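Structure file input_12.cif (mmCIF, C-alpha atoms) is printed below.
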```
data_final
loop_
_atom_site.label_atom_id
_atom_site.label_comp_id
_atom_site.auth_asym_id
_atom_site.auth_seq_id
_atom_site.Cartn_x
_atom_site.Cartn_y
_atom_site.Cartn_z
CA MET A 34 96.70 141.66 49.33
CA ASN A 35 100.44 141.97 49.80
CA SER A 36 100.16 140.44 53.23
CA LYS A 37 98.96 137.14 51.73
CA VAL A 38 102.50 135.77 51.57
CA LEU A 39 103.14 136.88 55.11
CA ILE A 40 99.98 135.20 56.44
CA VAL A 41 100.65 131.94 54.64
CA THR A 42 104.26 131.80 55.85
CA GLY A 43 103.06 132.53 59.35
CA LEU A 44 100.49 129.78 59.18
CA VAL A 45 103.04 127.30 57.86
CA ILE A 46 105.48 128.14 60.66
CA PHE A 47 102.68 127.87 63.20
CA LEU A 48 101.61 124.45 61.89
CA ILE A 49 105.20 123.20 61.88
CA ILE A 50 105.65 124.22 65.51
CA VAL A 51 102.31 122.73 66.58
CA LEU A 52 102.76 119.48 64.71
CA PHE A 53 106.45 119.02 65.47
CA PRO A 54 105.87 116.85 68.59
CA PHE A 55 103.62 114.51 66.62
CA TRP A 56 106.12 114.24 63.78
CA TYR A 57 109.03 113.83 66.18
CA MET A 58 107.38 110.98 68.08
CA ARG A 59 105.70 109.36 65.05
CA GLY A 60 105.31 105.64 65.27
CA LYS A 61 106.80 105.52 68.75
CA ALA A 62 104.88 105.02 71.97
CA MET A 63 106.19 105.26 75.49
CA PRO A 64 106.52 101.69 76.72
CA VAL A 65 104.00 100.78 79.38
CA PRO A 66 105.90 100.60 82.66
CA GLU A 67 106.41 97.24 84.31
CA PRO A 68 106.55 97.61 88.08
CA VAL A 69 109.20 95.34 89.56
CA LEU A 70 108.26 93.08 92.45
CA THR A 71 110.75 92.49 95.23
CA PRO A 72 111.50 88.85 96.10
CA GLN A 73 109.46 89.36 99.27
CA ALA A 74 106.46 90.61 97.29
CA LYS A 75 106.80 87.71 94.86
CA ALA A 76 106.90 85.21 97.67
CA ALA A 77 103.76 86.67 99.22
CA LYS A 78 101.92 85.99 95.92
CA THR A 79 98.96 88.24 96.71
CA CYS A 80 98.73 91.77 98.01
CA VAL A 81 96.11 92.79 100.59
CA ARG A 82 93.57 92.61 97.76
CA SER A 83 93.68 91.14 94.26
CA THR A 84 96.21 92.60 91.82
CA ASP A 85 93.49 94.10 89.63
CA TYR A 86 91.87 95.76 92.60
CA MET A 87 95.19 97.12 93.81
CA LYS A 88 96.04 98.44 90.33
CA SER A 89 92.88 100.44 90.01
CA GLU A 90 91.88 101.15 93.60
CA HIS A 91 95.04 101.43 95.72
CA MET A 92 94.58 105.16 96.15
CA GLN A 93 91.03 104.74 97.48
CA LEU A 94 92.21 101.90 99.69
CA LEU A 95 94.97 104.05 101.17
CA ASP A 96 92.49 106.86 101.69
CA GLU A 97 90.18 104.55 103.64
CA TRP A 98 93.12 103.22 105.62
CA ARG A 99 94.19 106.70 106.58
CA ASP A 100 90.74 107.69 107.84
CA GLU A 101 90.28 104.46 109.76
CA VAL A 102 93.68 104.66 111.44
CA VAL A 103 93.87 108.37 112.13
CA ARG A 104 90.26 109.16 112.96
CA ARG A 105 88.77 105.93 114.26
CA GLY A 106 91.82 104.21 115.68
CA GLN A 107 91.08 100.99 113.78
CA ARG A 108 94.47 99.75 112.71
CA VAL A 109 93.75 96.25 111.46
CA TYR A 110 92.45 95.55 107.96
CA VAL A 111 90.62 92.30 107.37
CA ASN A 112 90.55 91.54 103.66
CA PRO A 113 87.70 89.58 102.02
CA GLN A 114 89.70 86.36 102.47
CA GLY A 115 89.80 87.04 106.20
CA LYS A 116 93.52 87.76 106.37
CA GLU A 117 94.58 90.56 108.70
CA TYR A 118 97.00 93.37 107.96
CA ASN A 119 98.34 96.33 109.89
CA MET A 120 97.12 99.38 107.99
CA SER A 121 100.35 101.28 107.47
CA LEU A 122 101.88 102.66 104.31
CA SER A 123 105.43 102.65 105.65
CA ASN A 124 105.26 99.46 107.67
CA THR A 125 103.01 97.23 105.58
CA CYS A 126 102.96 98.39 101.94
CA LEU A 127 106.56 99.53 101.75
CA ASP A 128 107.78 96.63 103.81
CA CYS A 129 107.00 94.34 100.89
CA HIS A 130 107.37 96.90 98.11
CA SER A 131 110.66 98.22 99.39
CA ASN A 132 111.69 99.33 95.91
CA LYS A 133 109.80 102.59 95.56
CA ALA A 134 111.75 103.72 92.49
CA GLU A 135 110.98 100.58 90.53
CA PHE A 136 107.51 99.92 91.89
CA CYS A 137 105.68 103.13 92.80
CA ASP A 138 107.54 105.73 90.79
CA ARG A 139 107.49 103.93 87.46
CA CYS A 140 103.73 104.04 87.06
CA HIS A 141 103.31 107.35 88.81
CA ASN A 142 105.79 108.97 86.43
CA TYR A 143 104.17 107.33 83.41
CA ALA A 144 100.74 108.54 84.47
CA SER A 145 102.23 111.90 85.49
CA VAL A 146 100.81 111.80 88.98
CA ARG A 147 102.84 113.18 91.85
CA PRO A 148 101.51 111.86 95.14
CA TYR A 149 103.18 113.52 98.12
CA CYS A 150 102.99 110.51 100.45
CA TRP A 151 106.76 110.46 100.81
CA SER A 152 107.18 113.98 102.07
CA CYS A 153 106.14 112.49 105.42
CA HIS A 154 105.99 108.70 105.15
CA ILE A 155 109.44 107.21 105.10
CA GLU A 156 110.18 105.37 101.90
CA ASN A 157 111.48 102.14 103.21
CA PRO A 158 111.53 101.32 106.87
CA LYS A 159 113.88 98.35 106.41
CA GLU A 160 116.59 100.28 104.60
CA ASN A 161 119.88 100.73 106.54
CA THR A 162 118.62 98.82 109.55
CA MET B 57 51.48 118.37 62.41
CA MET B 58 49.85 120.90 64.68
CA ASP B 59 46.87 118.60 65.22
CA SER B 60 48.91 115.72 66.49
CA SER B 61 51.08 117.77 68.87
CA ARG B 62 48.90 117.15 71.92
CA ARG B 63 48.79 113.39 71.31
CA ARG B 64 52.52 113.41 70.65
CA ILE B 65 53.29 115.17 73.94
CA LEU B 66 51.15 112.72 75.88
CA GLN B 67 52.96 109.82 74.22
CA LEU B 68 56.31 111.33 75.10
CA LEU B 69 55.23 111.85 78.70
CA GLY B 70 54.21 108.21 78.92
CA VAL B 71 57.52 106.96 77.54
CA SER B 72 59.48 109.28 79.89
CA ALA B 73 57.55 108.01 82.90
CA LEU B 74 58.41 104.47 81.85
CA ALA B 75 62.10 105.43 81.56
CA LEU B 76 62.09 106.66 85.16
CA THR B 77 61.28 103.17 86.38
CA THR B 78 64.47 101.73 84.87
CA ARG B 79 66.76 103.30 87.48
CA PRO B 80 65.50 101.29 90.45
CA VAL B 81 65.83 98.16 88.32
CA PHE B 82 69.45 98.97 87.51
CA ASN B 83 70.12 99.77 91.15
CA ALA B 84 68.76 96.42 92.21
CA PHE B 85 71.17 94.69 89.83
CA ALA B 86 74.07 96.80 91.07
CA ILE B 87 73.39 95.90 94.71
CA GLU B 88 73.30 92.21 93.82
CA GLU B 89 76.69 92.56 92.16
CA GLN B 90 78.14 94.30 95.21
CA ALA B 91 76.83 91.67 97.56
CA ALA B 92 78.59 89.03 95.47
CA GLN B 93 81.92 90.67 96.33
CA ALA B 94 83.00 89.98 99.86
CA GLN B 95 83.59 93.12 101.85
CA ALA B 96 86.74 94.07 103.71
CA ALA B 97 86.49 95.13 107.33
CA PHE B 98 88.40 97.27 109.80
CA LYS B 99 89.03 96.63 113.45
CA ALA B 100 91.20 97.70 116.34
CA GLY B 101 94.20 95.58 117.27
CA GLU B 102 93.63 92.93 119.92
CA LYS B 103 96.16 94.43 122.32
CA ALA B 104 94.88 98.01 121.89
CA LEU B 105 94.35 99.87 125.16
CA LYS B 106 90.96 101.50 125.54
CA ALA B 107 89.61 104.30 127.70
CA LYS B 108 86.83 106.85 127.76
CA GLN B 109 89.25 109.73 128.31
CA TRP B 110 92.97 109.16 128.65
CA ALA B 111 94.60 111.24 131.38
CA LEU B 112 98.08 111.77 132.75
CA VAL B 113 99.17 112.44 136.31
CA ILE B 114 102.64 113.92 136.73
CA ASP B 115 104.28 113.73 140.15
CA THR B 116 106.41 116.85 139.98
CA HIS B 117 108.26 115.98 143.21
CA LYS B 118 110.16 113.36 141.28
CA PHE B 119 111.68 115.80 138.82
CA GLU B 120 114.34 117.93 140.47
CA SER B 121 116.21 119.41 137.56
CA GLU B 122 116.04 119.78 133.82
CA ALA B 123 118.36 116.80 133.56
CA ASP B 124 115.63 114.58 135.02
CA LEU B 125 113.29 115.59 132.19
CA GLU B 126 115.86 115.05 129.45
CA PRO B 127 115.36 111.28 128.97
CA LEU B 128 111.58 111.66 128.73
CA ILE B 129 111.77 114.46 126.19
CA GLU B 130 114.42 112.57 124.26
CA ALA B 131 112.33 109.37 124.19
CA CYS B 132 109.27 111.21 122.91
CA HIS B 133 111.04 113.32 120.32
CA ARG B 134 113.04 110.40 119.01
CA ILE B 135 110.19 107.97 118.40
CA HIS B 136 108.03 110.68 116.85
CA ASN B 137 110.75 112.08 114.59
CA VAL B 138 110.54 115.55 116.12
CA PRO B 139 113.21 117.71 114.47
CA GLN B 140 115.83 119.60 116.47
CA LEU B 141 115.85 123.17 115.21
CA GLN B 142 118.29 125.55 116.85
CA ASN B 143 116.35 128.70 115.96
CA LYS B 144 113.89 129.24 118.82
CA ARG B 145 111.30 130.70 116.47
CA HIS B 146 111.23 127.52 114.40
CA GLU B 147 111.45 125.11 117.30
CA ILE B 148 109.18 122.03 117.34
CA LYS B 149 108.16 120.73 120.78
CA TRP B 150 105.88 117.91 121.83
CA ILE B 151 106.90 117.81 125.48
CA TRP B 152 109.23 120.16 127.34
CA GLY B 153 110.11 121.60 130.73
CA THR B 154 109.18 125.02 132.03
CA HIS B 155 109.08 127.04 135.28
CA TYR B 156 106.16 126.99 137.68
CA HIS B 157 105.21 130.60 136.95
CA ASN B 158 105.08 129.83 133.21
CA ALA B 159 103.23 126.58 133.55
CA PHE B 160 100.70 127.96 136.02
CA PRO B 161 100.43 131.71 135.44
CA GLY B 162 98.36 133.42 138.10
CA LYS B 163 99.06 130.67 140.59
CA ALA B 164 102.59 131.78 141.47
CA ALA B 165 102.75 133.80 144.67
CA ARG B 166 105.42 136.46 145.05
CA PHE B 167 107.32 134.19 147.43
CA LEU B 168 107.19 130.53 146.61
CA ALA B 169 108.48 127.39 148.23
CA GLU B 170 111.99 127.09 146.93
CA ALA B 171 111.50 123.54 145.71
CA VAL B 172 108.50 124.56 143.61
CA GLU B 173 110.23 127.63 142.29
CA HIS B 174 113.23 125.74 141.00
CA ARG B 175 111.55 122.50 140.00
CA PRO B 176 111.03 122.01 136.27
CA PHE B 177 107.44 121.32 135.19
CA LEU B 178 106.87 118.98 132.33
CA VAL B 179 104.32 120.42 129.91
CA LEU B 180 102.66 118.94 126.85
CA CYS B 181 99.33 118.94 125.06
CA ASN B 182 96.62 118.66 127.74
CA HIS B 183 94.22 116.69 125.54
CA CYS B 184 91.46 118.92 126.87
CA GLU B 185 87.96 117.60 127.22
CA ASN B 186 86.75 120.85 125.68
CA PRO B 187 89.57 121.62 123.25
CA PRO B 188 89.58 125.14 121.80
CA CYS B 189 92.01 124.13 119.06
CA VAL B 190 89.46 121.71 117.63
CA ARG B 191 86.83 124.42 117.39
CA ALA B 192 89.28 126.75 115.68
CA CYS B 193 90.36 124.29 112.99
CA PRO B 194 88.61 125.14 109.70
CA THR B 195 89.34 121.79 108.05
CA LYS B 196 88.78 119.39 110.96
CA ALA B 197 92.41 118.40 110.65
CA THR B 198 92.58 118.42 114.42
CA PHE B 199 89.82 116.61 116.22
CA LYS B 200 88.94 115.03 119.52
CA ARG B 201 88.80 111.28 119.00
CA GLU B 202 85.42 110.00 120.13
CA SER B 203 86.74 106.62 121.18
CA ASP B 204 89.32 107.74 123.78
CA GLY B 205 89.33 111.53 124.03
CA ILE B 206 92.76 112.08 122.51
CA VAL B 207 93.10 115.37 120.65
CA LEU B 208 94.71 114.24 117.41
CA MET B 209 95.98 115.71 114.17
CA ASP B 210 95.31 114.49 110.67
CA PHE B 211 98.38 115.97 109.02
CA HIS B 212 97.00 115.14 105.58
CA ARG B 213 94.28 117.67 106.10
CA CYS B 214 96.20 120.44 107.88
CA ILE B 215 96.44 123.58 105.72
CA GLY B 216 98.84 125.34 108.09
CA CYS B 217 96.55 128.23 108.99
CA ARG B 218 97.74 128.11 112.62
CA PHE B 219 94.33 129.02 114.07
CA CYS B 220 94.76 126.10 116.46
CA MET B 221 98.03 127.55 117.70
CA ALA B 222 96.32 130.84 118.41
CA ALA B 223 93.46 129.03 120.12
CA CYS B 224 95.57 126.76 122.35
CA PRO B 225 96.13 128.50 125.69
CA PHE B 226 99.04 126.19 126.51
CA GLY B 227 101.33 126.78 123.54
CA ALA B 228 101.31 123.05 122.99
CA ARG B 229 101.41 123.29 119.22
CA SER B 230 104.36 123.94 116.93
CA PHE B 231 104.41 124.96 113.30
CA ASN B 232 106.79 123.55 110.72
CA TYR B 233 108.18 126.73 109.24
CA ARG B 234 110.84 124.66 107.52
CA ASP B 235 111.01 121.19 106.06
CA PRO B 236 111.73 119.11 109.19
CA ARG B 237 113.51 116.20 107.47
CA PRO B 238 117.02 117.73 107.36
CA PHE B 239 116.78 118.45 111.09
CA ILE B 240 116.24 114.86 112.14
CA ALA B 241 119.53 113.05 112.55
CA GLU B 242 119.59 110.10 110.15
CA ALA B 243 120.72 107.74 112.89
CA LYS B 244 117.85 108.83 115.12
CA LEU B 245 115.13 108.55 112.49
CA ASN B 246 112.36 106.20 113.57
CA LYS B 247 111.50 104.56 110.28
CA GLU B 248 108.21 103.23 111.54
CA PHE B 249 106.74 106.66 112.23
CA PRO B 250 106.18 109.34 109.60
CA THR B 251 107.85 112.73 109.74
CA ARG B 252 105.89 115.89 109.03
CA MET B 253 106.26 118.27 106.12
CA LYS B 254 106.72 122.01 105.85
CA GLY B 255 103.53 123.94 106.53
CA VAL B 256 101.73 121.72 109.05
CA VAL B 257 101.15 122.11 112.76
CA GLU B 258 102.13 119.31 115.12
CA LYS B 259 101.87 118.39 118.79
CA CYS B 260 101.82 115.52 121.27
CA ASN B 261 99.48 112.68 120.24
CA PHE B 262 99.42 110.91 123.64
CA CYS B 263 101.25 108.12 121.78
CA ALA B 264 98.08 106.99 120.00
CA GLU B 265 100.23 104.66 117.87
CA ARG B 266 101.64 102.96 120.98
CA LEU B 267 98.29 102.65 122.75
CA ALA B 268 97.02 100.90 119.63
CA VAL B 269 99.52 98.09 120.18
CA GLY B 270 99.12 97.91 123.95
CA GLN B 271 102.07 100.03 125.02
CA MET B 272 102.09 102.95 127.43
CA PRO B 273 103.12 106.39 126.12
CA ALA B 274 106.88 106.70 125.69
CA CYS B 275 107.32 109.42 128.34
CA VAL B 276 105.37 107.37 130.91
CA GLU B 277 107.41 104.29 130.13
CA VAL B 278 110.75 105.97 130.84
CA SER B 279 109.53 108.10 133.79
CA ASN B 280 110.12 105.40 136.44
CA GLY B 281 106.66 105.89 137.89
CA ALA B 282 106.82 109.69 138.04
CA MET B 283 104.07 109.77 135.44
CA VAL B 284 100.94 107.66 135.45
CA PHE B 285 98.61 107.22 132.52
CA GLY B 286 95.06 105.88 132.60
CA ASP B 287 91.36 106.31 132.13
CA LEU B 288 89.96 109.38 133.86
CA TYR B 289 86.45 107.94 133.84
CA ASP B 290 87.37 104.60 135.36
CA ALA B 291 87.00 105.14 139.11
CA ALA B 292 89.34 102.23 139.79
CA SER B 293 92.12 103.42 137.51
CA GLU B 294 95.57 104.31 138.76
CA VAL B 295 95.19 107.95 137.72
CA ARG B 296 91.96 108.32 139.66
CA LYS B 297 93.57 106.80 142.74
CA LEU B 298 96.42 109.29 142.55
CA ILE B 299 94.06 112.21 142.02
CA LYS B 300 92.01 111.03 145.01
CA THR B 301 94.96 110.73 147.36
CA ASN B 302 97.06 113.72 146.27
CA TYR B 303 96.49 117.41 145.83
CA THR B 304 96.62 118.01 142.08
CA ILE B 305 96.38 121.10 139.92
CA ARG B 306 95.79 121.57 136.23
CA ARG B 307 97.04 124.30 133.92
CA LYS B 308 94.80 127.35 133.40
CA GLN B 309 91.78 125.51 134.72
CA THR B 310 89.68 128.68 134.85
CA LEU B 311 89.58 128.81 131.05
CA GLY B 312 87.23 125.85 131.08
CA THR B 313 89.10 123.68 128.59
CA GLU B 314 89.22 120.82 131.11
CA PRO B 315 92.83 119.66 130.68
CA SER B 316 93.49 115.95 131.16
CA VAL B 317 96.99 116.38 132.54
CA TYR B 318 97.12 116.62 136.35
CA TYR B 319 100.13 117.81 138.38
CA ILE B 320 100.90 116.66 141.90
CA VAL B 321 102.70 119.65 143.46
#
```
Represent the structure from my file as structure tokens, please.
Amino acid sequence: MNSKVLIVTGLVIFLIIVLFPFWYMRGKAMPVPEPVLTPQAKAAKTCVRSTDYMKSEHMQLLDEWRDEVVRRGQRVYVNPQGKEYNMSLSNTCLDCHSNKAEFCDRCHNYASVRPYCWSCHIENPKENT
Amino acid sequence: MMDSSRRRILQLLGVSALALTTRPVFNAFAIEEQAAQAQAAFKAGEKALKAKQWALVIDTHKFESEADLEPLIEACHRIHNVPQLQNKRHEIKWIWGTHYHNAFPGKAARFLAEAVEHRPFLVLCNHCENPPCVRACPTKATFKRESDGIVLMDFHRCIGCRFCMAACPFGARSFNYRDPRPFIAEAKLNKEFPTRMKGVVEKCNFCAERLAVGQMPACVEVSNGAMVFGDLYDAASEVRKLIKTNYTIRRKQTLGTEPSVYYIV
């Protein structure tokens, strides 16, 4: 019976520790990241597909691109509007979106995803040249 | 309650059977929706070079010393971002020079023509027609491309097990024991071609990325005609003409891997 005090104190400390993050961040939410478009990307108006499609499906699209280029040697992407693109992360995507830190990383950090594209693919082919 | 159980079960069975028919209906709707969206397509570039099996003929008479090979090796390693590691055990090579007795073991007599003995032989991945590395790969990261017979790597899928290196009888494959990026001089970095990462195997890709845009492989381009590249299965191709009119040998032919690199000796 004497341990009652001990148990209750323990529970209180435990709850404080567990609930501290909620209390600390109360009423605040991380702002939703706004990817920044480069002037070149703005001028192009549309990406290879619609913005909504790119937002939700760019990873699947890149996956398809990789298999087509590497395994089947098909390097040209014809989008539903009939426009043709060279399927290359470094030379097509990052040519327009040459601001990886403000474009790619912002959302990836927010969503806590860590794609390792850039351990091989060079961030921005136009940089320093 | 007990009395009605049989009737109840039959009713339930009927309703369940009806529910099964809803799936095809939903599917039909889904297909209609998909058809409404225009589909994207893939195709090869218009200038892309095509062949049934790419092959290379190297006229070894035209290379007298290591210095003659240097520009070819340099051209290849530069455009493919091949790192320069000083430690021999970590070295990455796509194309390099070696002695006759190393390139063609078992073919070197005790006394050889002096020219052959001292001449450097350019060696690279043979893009075998029956590649043992492809059979060894547990993830299909390395594969023989159906369309043109190039033995390629999908670095995304390589797990670095090095079975392919053990399987390749030509030592054509190198393993990235270290992160290669710091060993590529910044000024020499080709920003249009990816580098590799630590833990993957790499090798010559017969310049698949150049063939796709209608260019000859980099080594062939700078070889001044000492190397000829073409379709092995096109009887009118330049490589076939050279093979027909010159005595050629291939590396370790008895192993049955059917190398696609021919040497005029």
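Closest to Cys263 in chain B among A:Cys126, A:Arg59, A:His91, A:Gly106 is A:Gly106, based on all atoms listed in the file.
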Check: For chain B against chain A, which residues fall within 8 Å using only C-alpha atoms, given as a PyMOL selection string?
Finding: chain B and resi 94-101+201-203+208-210+247-253+268
Item checked: Atomic distance CA of His183 in chain B - CA of Ser316 in chain B, expressed in Å with one decimal ->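 The value is 5.7 Å.
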Check: Can you list, as a ChimeraX atom specification, the residues that the PyMOL selection byres ((chain B and resi 236) around 9) selects here?
Finding: /B:137-141,232-235,237-240,251-254
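Between His117 in chain B and the residues B:Ala228, B:Val172, B:Val256, B:Cys214, the shortest atom-to-atom distance, using all atoms listed in the file, involves B:Val172.
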Notebook entry, point to check: Distance CA of Pro188 in chain B-CA of Pro225 in chain B, one decimal place?
Noted result: 8.3 Å
Notebook entry, point to check: On this structure, which residues satisfy the PyMOL selection byres ((chain A and resi 132) around 12), written as a ChimeraX atom specification?
Noted result: /A:68-74,126-131,133-139,156-160
